[in-house]
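Participant: As input, take my_file_18.pdb (PDB, C-alpha atoms):
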ATOM      1  CA  MET A   1     -30.684-138.965  -1.300
ATOM      2  CA  ALA A   2     -30.599-135.247  -0.591
ATOM      3  CA  SER A   3     -28.467-132.560  -2.189
ATOM      4  CA  VAL A   4     -26.738-130.016   0.021
ATOM      5  CA  GLU A   5     -28.033-126.573  -0.941
ATOM      6  CA  SER A   6     -26.031-124.558   1.576
ATOM      7  CA  LEU A   7     -23.864-124.773   4.685
ATOM      8  CA  GLU A   8     -23.482-122.235   7.462
ATOM      9  CA  ASP A   9     -21.118-122.457  10.401
ATOM     10  CA  GLN A  10     -22.606-121.201  13.666
ATOM     11  CA  GLY A  11     -19.925-121.361  16.322
ATOM     12  CA  ALA A  12     -18.690-124.979  16.365
ATOM     13  CA  ASN A  13     -21.923-126.179  14.715
ATOM     14  CA  ARG A  14     -22.753-126.517  11.018
ATOM     15  CA  VAL A  15     -26.246-125.845   9.680
ATOM     16  CA  PHE A  16     -27.192-127.780   6.549
ATOM     17  CA  ARG A  17     -29.972-126.761   4.170
ATOM     18  CA  LEU A  18     -30.832-129.719   1.971
ATOM     19  CA  LYS A  19     -33.199-130.556  -0.863
ATOM     20  CA  SER A  20     -34.930-133.892  -1.382
ATOM     21  CA  SER A  21     -38.040-135.158  -3.129
ATOM     22  CA  ILE A  22     -39.163-136.723   0.182
ATOM     23  CA  ALA A  23     -38.611-133.606   2.329
ATOM     24  CA  ASP A  24     -42.303-132.706   2.085
ATOM     25  CA  GLN A  25     -42.946-135.793   4.257
ATOM     26  CA  PHE A  26     -40.628-134.578   7.053
ATOM     27  CA  ARG A  27     -41.909-132.906  10.186
ATOM     28  CA  VAL A  28     -40.036-130.694  12.622
ATOM     29  CA  ASP A  29     -38.383-132.773  15.413
ATOM     30  CA  GLU A  30     -38.233-135.919  13.230
ATOM     31  CA  SER A  31     -34.975-137.887  13.254
ATOM     32  CA  VAL A  32     -33.542-138.553   9.787
ATOM     33  CA  CYS A  33     -30.177-140.192   9.064
ATOM     34  CA  HIS A  34     -27.795-138.318   6.752
ATOM     35  CA  ASN A  35     -24.939-140.564   5.569
ATOM     36  CA  GLY A  36     -25.840-142.639   8.608
ATOM     37  CA  VAL A  37     -25.832-139.733  11.075
ATOM     38  CA  CYS A  38     -29.071-139.179  12.970
ATOM     39  CA  LEU A  39     -29.996-135.470  12.789
ATOM     40  CA  THR A  40     -33.152-133.635  13.858
ATOM     41  CA  VAL A  41     -35.254-131.820  11.257
ATOM     42  CA  GLU A  42     -35.460-128.211  12.457
ATOM     43  CA  GLU A  43     -37.412-126.736   9.573
ATOM     44  CA  ALA A  44     -39.132-128.240   6.522
ATOM     45  CA  SER A  45     -40.881-126.576   3.610
ATOM     46  CA  GLY A  46     -41.609-128.247   0.274
ATOM     47  CA  GLU A  47     -38.482-130.035  -0.934
ATOM     48  CA  SER A  48     -36.169-128.052   1.361
ATOM     49  CA  TYR A  49     -35.310-128.657   5.008
ATOM     50  CA  ARG A  50     -32.697-127.768   7.641
ATOM     51  CA  VAL A  51     -30.639-129.757  10.162
ATOM     52  CA  THR A  52     -27.679-128.909  12.421
ATOM     53  CA  ALA A  53     -24.624-131.021  13.245
ATOM     54  CA  ILE A  54     -22.698-130.186  16.424
ATOM     55  CA  ASP A  55     -18.906-130.344  16.729
ATOM     56  CA  GLU A  56     -18.924-133.935  18.141
ATOM     57  CA  THR A  57     -20.867-135.070  15.062
ATOM     58  CA  LEU A  58     -18.610-133.185  12.643
ATOM     59  CA  GLN A  59     -15.467-134.675  14.214
ATOM     60  CA  ARG A  60     -16.725-138.269  14.381
ATOM     61  CA  SER A  61     -18.384-138.409  10.939
ATOM     62  CA  ASN A  62     -17.720-137.317   7.358
ATOM     63  CA  LEU A  63     -20.337-134.539   7.583
ATOM     64  CA  GLY A  64     -17.488-132.112   8.255
ATOM     65  CA  ASP A  65     -16.194-132.890   4.740
ATOM     66  CA  VAL A  66     -19.541-132.350   2.986
ATOM     67  CA  ARG A  67     -19.757-129.349   0.635
ATOM     68  CA  SER A  68     -22.575-127.564  -1.210
ATOM     69  CA  GLY A  69     -23.759-129.676  -4.128
ATOM     70  CA  ASP A  70     -22.766-132.985  -2.501
ATOM     71  CA  LEU A  71     -25.292-135.797  -2.181
ATOM     72  CA  VAL A  72     -25.978-137.484   1.158
ATOM     73  CA  ASN A  73     -27.861-140.716   1.748
ATOM     74  CA  LEU A  74     -31.140-140.403   3.642
ATOM     75  CA  GLU A  75     -32.918-142.919   5.809
ATOM     76  CA  ARG A  76     -36.028-142.220   7.820
ATOM     77  CA  SER A  77     -36.636-143.830  11.184
ATOM     78  CA  MET A  78     -38.482-147.127  11.255
ATOM     79  CA  PRO A  79     -42.061-146.753  12.478
ATOM     80  CA  VAL A  80     -43.164-148.960  15.347
ATOM     81  CA  GLY A  81     -44.625-152.080  13.778
ATOM     82  CA  GLY A  82     -42.676-151.514  10.567
ATOM     83  CA  ARG A  83     -40.608-154.101   8.742
ATOM     84  CA  LEU A  84     -36.912-154.378   9.518
ATOM     85  CA  ASP A  85     -34.928-154.508   6.269
ATOM     86  CA  GLY A  86     -31.226-155.080   6.820
ATOM     87  CA  HIS A  87     -30.049-154.806  10.419
ATOM     88  CA  PHE A  88     -30.588-152.477  13.379
ATOM     89  CA  VAL A  89     -29.152-149.100  12.376
ATOM     90  CA  GLN A  90     -29.352-146.356  14.972
ATOM     91  CA  GLY A  91     -27.709-143.423  13.204
ATOM     92  CA  HIS A  92     -24.974-143.322  15.860
ATOM     93  CA  VAL A  93     -21.693-143.208  13.956
ATOM     94  CA  ASP A  94     -18.771-144.962  15.662
ATOM     95  CA  ALA A  95     -15.913-143.909  13.397
ATOM     96  CA  LYS A  96     -14.794-142.774   9.979
ATOM     97  CA  GLY A  97     -13.421-145.340   7.570
ATOM     98  CA  THR A  98     -11.172-144.671   4.591
ATOM     99  CA  VAL A  99     -11.893-145.991   1.099
ATOM    100  CA  GLU A 100      -8.808-147.989   0.072
ATOM    101  CA  ARG A 101      -9.964-149.238  -3.334
ATOM    102  CA  ILE A 102     -13.038-149.900  -5.442
ATOM    103  CA  GLU A 103     -13.048-152.879  -7.792
ATOM    104  CA  ASP A 104     -15.474-153.256 -10.691
ATOM    105  CA  ARG A 105     -16.771-156.843 -10.675
ATOM    106  CA  ASP A 106     -18.481-156.739 -14.090
ATOM    107  CA  GLY A 107     -21.973-155.821 -12.941
ATOM    108  CA  SER A 108     -21.258-155.255  -9.267
ATOM    109  CA  TRP A 109     -18.549-153.581  -7.206
ATOM    110  CA  GLU A 110     -16.433-154.455  -4.192
ATOM    111  CA  VAL A 111     -15.395-151.571  -1.953
ATOM    112  CA  PHE A 112     -12.445-152.027   0.421
ATOM    113  CA  LEU A 113     -12.178-149.826   3.509
ATOM    114  CA  SER A 114      -9.863-149.436   6.468
ATOM    115  CA  TYR A 115     -11.139-148.573   9.945
ATOM    116  CA  PRO A 116      -9.624-147.769  13.362
ATOM    117  CA  ALA A 117      -7.983-150.809  15.004
ATOM    118  CA  GLU A 118     -10.025-150.467  18.201
ATOM    119  CA  PHE A 119     -13.110-151.730  16.343
ATOM    120  CA  GLU A 120     -11.543-154.953  15.046
ATOM    121  CA  THR A 121     -13.604-157.206  17.339
ATOM    122  CA  LEU A 122     -16.827-155.852  15.788
ATOM    123  CA  ILE A 123     -15.975-157.064  12.274
ATOM    124  CA  VAL A 124     -17.483-160.420  11.361
ATOM    125  CA  GLU A 125     -17.284-161.735   7.813
ATOM    126  CA  LYS A 126     -20.855-161.992   6.433
ATOM    127  CA  GLY A 127     -21.964-159.866   9.395
ATOM    128  CA  SER A 128     -23.572-156.432   9.173
ATOM    129  CA  VAL A 129     -22.034-152.979   8.965
ATOM    130  CA  CYS A 130     -23.555-149.583   8.191
ATOM    131  CA  LEU A 131     -21.594-147.329   5.798
ATOM    132  CA  ASN A 132     -22.901-143.804   5.202
ATOM    133  CA  GLY A 133     -26.262-145.028   6.479
ATOM    134  CA  ILE A 134     -26.427-148.052   4.161
ATOM    135  CA  SER A 135     -26.960-151.450   5.778
ATOM    136  CA  LEU A 136     -24.428-153.763   4.120
ATOM    137  CA  THR A 137     -22.962-157.233   4.523
ATOM    138  CA  ILE A 138     -19.230-157.604   5.133
ATOM    139  CA  ALA A 139     -17.927-159.587   2.142
ATOM    140  CA  SER A 140     -14.386-160.068   3.423
ATOM    141  CA  SER A 141     -12.105-158.911   6.197
ATOM    142  CA  ALA A 142      -8.358-158.545   6.701
ATOM    143  CA  PRO A 143      -7.953-158.267  10.492
ATOM    144  CA  ALA A 144      -4.191-157.590  10.453
ATOM    145  CA  ALA A 145      -4.724-154.589   8.160
ATOM    146  CA  HIS A 146      -8.002-153.504   9.835
ATOM    147  CA  GLN A 147      -9.778-153.632   6.495
ATOM    148  CA  LEU A 148     -13.116-154.933   5.306
ATOM    149  CA  SER A 149     -14.892-155.101   1.996
ATOM    150  CA  VAL A 150     -18.531-154.891   0.985
ATOM    151  CA  ALA A 151     -20.097-156.084  -2.271
ATOM    152  CA  ILE A 152     -22.391-153.566  -3.947
ATOM    153  CA  ILE A 153     -25.277-154.516  -6.229
ATOM    154  CA  PRO A 154     -26.273-152.195  -9.117
ATOM    155  CA  HIS A 155     -29.424-150.955  -7.321
ATOM    156  CA  THR A 156     -27.409-149.780  -4.310
ATOM    157  CA  TRP A 157     -24.717-148.278  -6.569
ATOM    158  CA  ASN A 158     -27.344-146.270  -8.484
ATOM    159  CA  ASN A 159     -29.520-145.170  -5.544
ATOM    160  CA  THR A 160     -26.935-144.115  -2.943
ATOM    161  CA  ASN A 161     -23.816-141.970  -2.981
ATOM    162  CA  ILE A 162     -21.458-144.982  -3.209
ATOM    163  CA  ALA A 163     -20.800-144.244  -6.897
ATOM    164  CA  ARG A 164     -19.300-140.911  -5.744
ATOM    165  CA  TRP A 165     -16.922-142.453  -3.198
ATOM    166  CA  ARG A 166     -13.257-141.994  -4.049
ATOM    167  CA  VAL A 167     -10.070-143.689  -2.859
ATOM    168  CA  GLY A 168      -8.819-141.796   0.185
ATOM    169  CA  GLY A 169     -12.276-140.438   0.993
ATOM    170  CA  HIS A 170     -14.047-140.980   4.299
ATOM    171  CA  VAL A 171     -17.263-142.842   5.012
ATOM    172  CA  ASN A 172     -19.227-143.035   8.254
ATOM    173  CA  ILE A 173     -19.193-146.419   9.981
ATOM    174  CA  GLU A 174     -21.759-147.664  12.457
ATOM    175  CA  PHE A 175     -20.864-151.105  13.725
ATOM    176  CA  ASP A 176     -23.603-153.619  14.530
ATOM    177  CA  VAL A 177     -25.191-152.688  17.871
ATOM    178  CA  LEU A 178     -25.737-156.342  18.781
ATOM    179  CA  GLY A 179     -21.993-156.923  18.462
ATOM    180  CA  LYS A 180     -21.342-153.870  20.648
ATOM    181  CA  TYR A 181     -23.596-155.261  23.388
ATOM    182  CA  VAL A 182     -21.889-158.670  23.269
ATOM    183  CA  GLN A 183     -18.490-156.953  23.427
ATOM    184  CA  LYS A 184     -19.573-154.930  26.483
ATOM    185  CA  ILE A 185     -20.927-158.020  28.271
ATOM    186  CA  MET A 186     -17.643-159.842  27.654
ATOM    187  CA  GLN A 187     -15.608-156.877  28.953
ATOM    188  CA  VAL A 188     -17.665-156.730  32.155
ATOM    189  CA  ARG A 189     -17.328-160.500  32.688
ATOM    190  CA  GLU A 190     -13.561-160.364  32.154
ATOM    191  CA  ALA A 191     -13.267-157.512  34.646
ATOM    192  CA  GLN A 192     -15.097-159.570  37.279
ATOM    193  CA  VAL A 193     -12.737-162.548  36.993
TER     194      VAL A 193
END
Would you mind writing the structure in this file as structure tokens?

Facilitator:
Amino acid sequence: MASVESLEDQGANRVFRLKSSIADQFRVDESVCHNGVCLTVEEASGESYRVTAIDETLQRSNLGDVRSGDLVNLERSMPVGGRLDGHFVQGHVDAKGTVERIEDRDGSWEVFLSYPAEFETLIVEKGSVCLNGISLTIASSAPAAHQLSVAIIPHTWNNTNIARWRVGGHVNIEFDVLGKYVQKIMQVREAQV
């Protein structure tokens, strides 16, 4: 994770200065996901670095809600030839979801979220979803309510910002890219009939 040291609005853009123990590994022009949003490192020195989010990014994601002192999840890009843990995550946020409830399961947690109805066809129980940059498995879904849940193990709870999520808060959702391609193929085929 990284902590937000400062924010500065520049026109419709927001410049983030962040601090992380892995920032000394970043290089200028590197893509790093912040709560699942792919941003370019513009400056890096020691544990501090800077990125900018444009208006489109601020509107589509929860980065517009982030304040100084908040923690954001980090994920570096996969190197060519690297192992793929989880599913394909691009850092291209599709929508914001809303935390509806969090249930303690005596050693784990289940988080229930709602999402925009237009994405219903991309929800598959036991399929993949990316929330704030975390590759997770959909534990359950309620299609009529446009809700899903994810089960959270203690390691994920302790090493991401999920423990700071609150009912009514927003999380970034990136739906599985493979599902998006299948959906597009089906739409094109239907249009040709």

Participant: Need to verify the contact set: stretch 128-132 of chain A, 8 Å, only C-alpha atoms, exclusion of same-chain residues closer than 5 positions in sequence. Can you return it as a PDB file with C-alpha atoms, keeping the file's coordinate frame?

Facilitator:
ATOM      1  CA  HIS A  34     -27.795-138.318   6.752  1.00  0.00           C
ATOM      2  CA  ASN A  35     -24.939-140.564   5.569  1.00  0.00           C
ATOM      3  CA  GLY A  36     -25.840-142.639   8.608  1.00  0.00           C
ATOM      4  CA  VAL A  37     -25.832-139.733  11.075  1.00  0.00           C
ATOM      5  CA  ASN A  73     -27.861-140.716   1.748  1.00  0.00           C
ATOM      6  CA  HIS A  87     -30.049-154.806  10.419  1.00  0.00           C
ATOM      7  CA  VAL A  89     -29.152-149.100  12.376  1.00  0.00           C
ATOM      8  CA  THR A 137     -22.962-157.233   4.523  1.00  0.00           C
ATOM      9  CA  ILE A 138     -19.230-157.604   5.133  1.00  0.00           C
ATOM     10  CA  VAL A 171     -17.263-142.842   5.012  1.00  0.00           C
ATOM     11  CA  ASN A 172     -19.227-143.035   8.254  1.00  0.00           C
ATOM     12  CA  ILE A 173     -19.193-146.419   9.981  1.00  0.00           C
ATOM     13  CA  GLU A 174     -21.759-147.664  12.457  1.00  0.00           C
ATOM     14  CA  PHE A 175     -20.864-151.105  13.725  1.00  0.00           C
ATOM     15  CA  ASP A 176     -23.603-153.619  14.530  1.00  0.00           C
TER      16      ASP A 176
END

Participant: I'd like the residues picked by the PyMOL selection byres ((chain A and resi 16-30) around 7) written out as a ChimeraX atom specification, using the chain letters and numbers from the file.

Facilitator: /A:1-8,14-15,31-32,40-52

Participant: List the residues matched by the PyMOL selection byres ((chain A and resi 56) around 12) in the displayed structure as a short mmCIF file (atom, residue, chain, number, x, y, z; two decimals) with C-alpha atoms, keeping the file's coordinate frame, ordered by chain and then by residue number.

Facilitator:
data_model
loop_
_atom_site.label_atom_id
_atom_site.label_comp_id
_atom_site.auth_asym_id
_atom_site.auth_seq_id
_atom_site.Cartn_x
_atom_site.Cartn_y
_atom_site.Cartn_z
CA ALA A 12 -18.69 -124.98 16.36
CA ASN A 13 -21.92 -126.18 14.72
CA ARG A 14 -22.75 -126.52 11.02
CA VAL A 37 -25.83 -139.73 11.08
CA THR A 52 -27.68 -128.91 12.42
CA ALA A 53 -24.62 -131.02 13.24
CA ILE A 54 -22.70 -130.19 16.42
CA ASP A 55 -18.91 -130.34 16.73
CA THR A 57 -20.87 -135.07 15.06
CA LEU A 58 -18.61 -133.18 12.64
CA GLN A 59 -15.47 -134.68 14.21
CA ARG A 60 -16.73 -138.27 14.38
CA SER A 61 -18.38 -138.41 10.94
CA ASN A 62 -17.72 -137.32 7.36
CA LEU A 63 -20.34 -134.54 7.58
CA GLY A 64 -17.49 -132.11 8.26
CA HIS A 92 -24.97 -143.32 15.86
CA VAL A 93 -21.69 -143.21 13.96
CA ASP A 94 -18.77 -144.96 15.66
CA ALA A 95 -15.91 -143.91 13.40
#

Participant: From the options A:His170, A:Ala142, A:Ser108, A:Glu118, which residue's atoms come nearest to A:His155, counting all atoms listed in the file?

Facilitator: A:Ser108

Participant: Can you translate the PyMOL selection byres ((chain A and resi 114) around 6) into the concrete residues it hits in this file, as a list in words?

Facilitator: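 Going through the file, the PyMOL selection byres ((chain A and resi 114) around 6) ends up selecting Gly97, Thr98, Leu113, Tyr115, His146 and Gln147 of chain A.
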
Participant: In Å, how far is it from atom CA of A:Asp106 to atom CA of A:Ala144?

Facilitator: 28.4 Å

Participant: Rounded to one decimal, what separation in Å do you get between atom CA of A:Cys33 and atom CA of A:Gln90?

Facilitator: 8.6 Å

Participant: Measure the distance from atom CA of A:Ala151 to atom CA of A:Leu39 in Å and round it to one decimal.

Facilitator: 27.4 Å

Participant: Extract, using all atoms listed in the file, all DNA, RNA and protein residues at most 9 Å from A:Phe88, discarding same-chain residues fewer than 5 positions from it, and format them as a PyMOL selection string.

Facilitator: chain A and resi 135+176-178
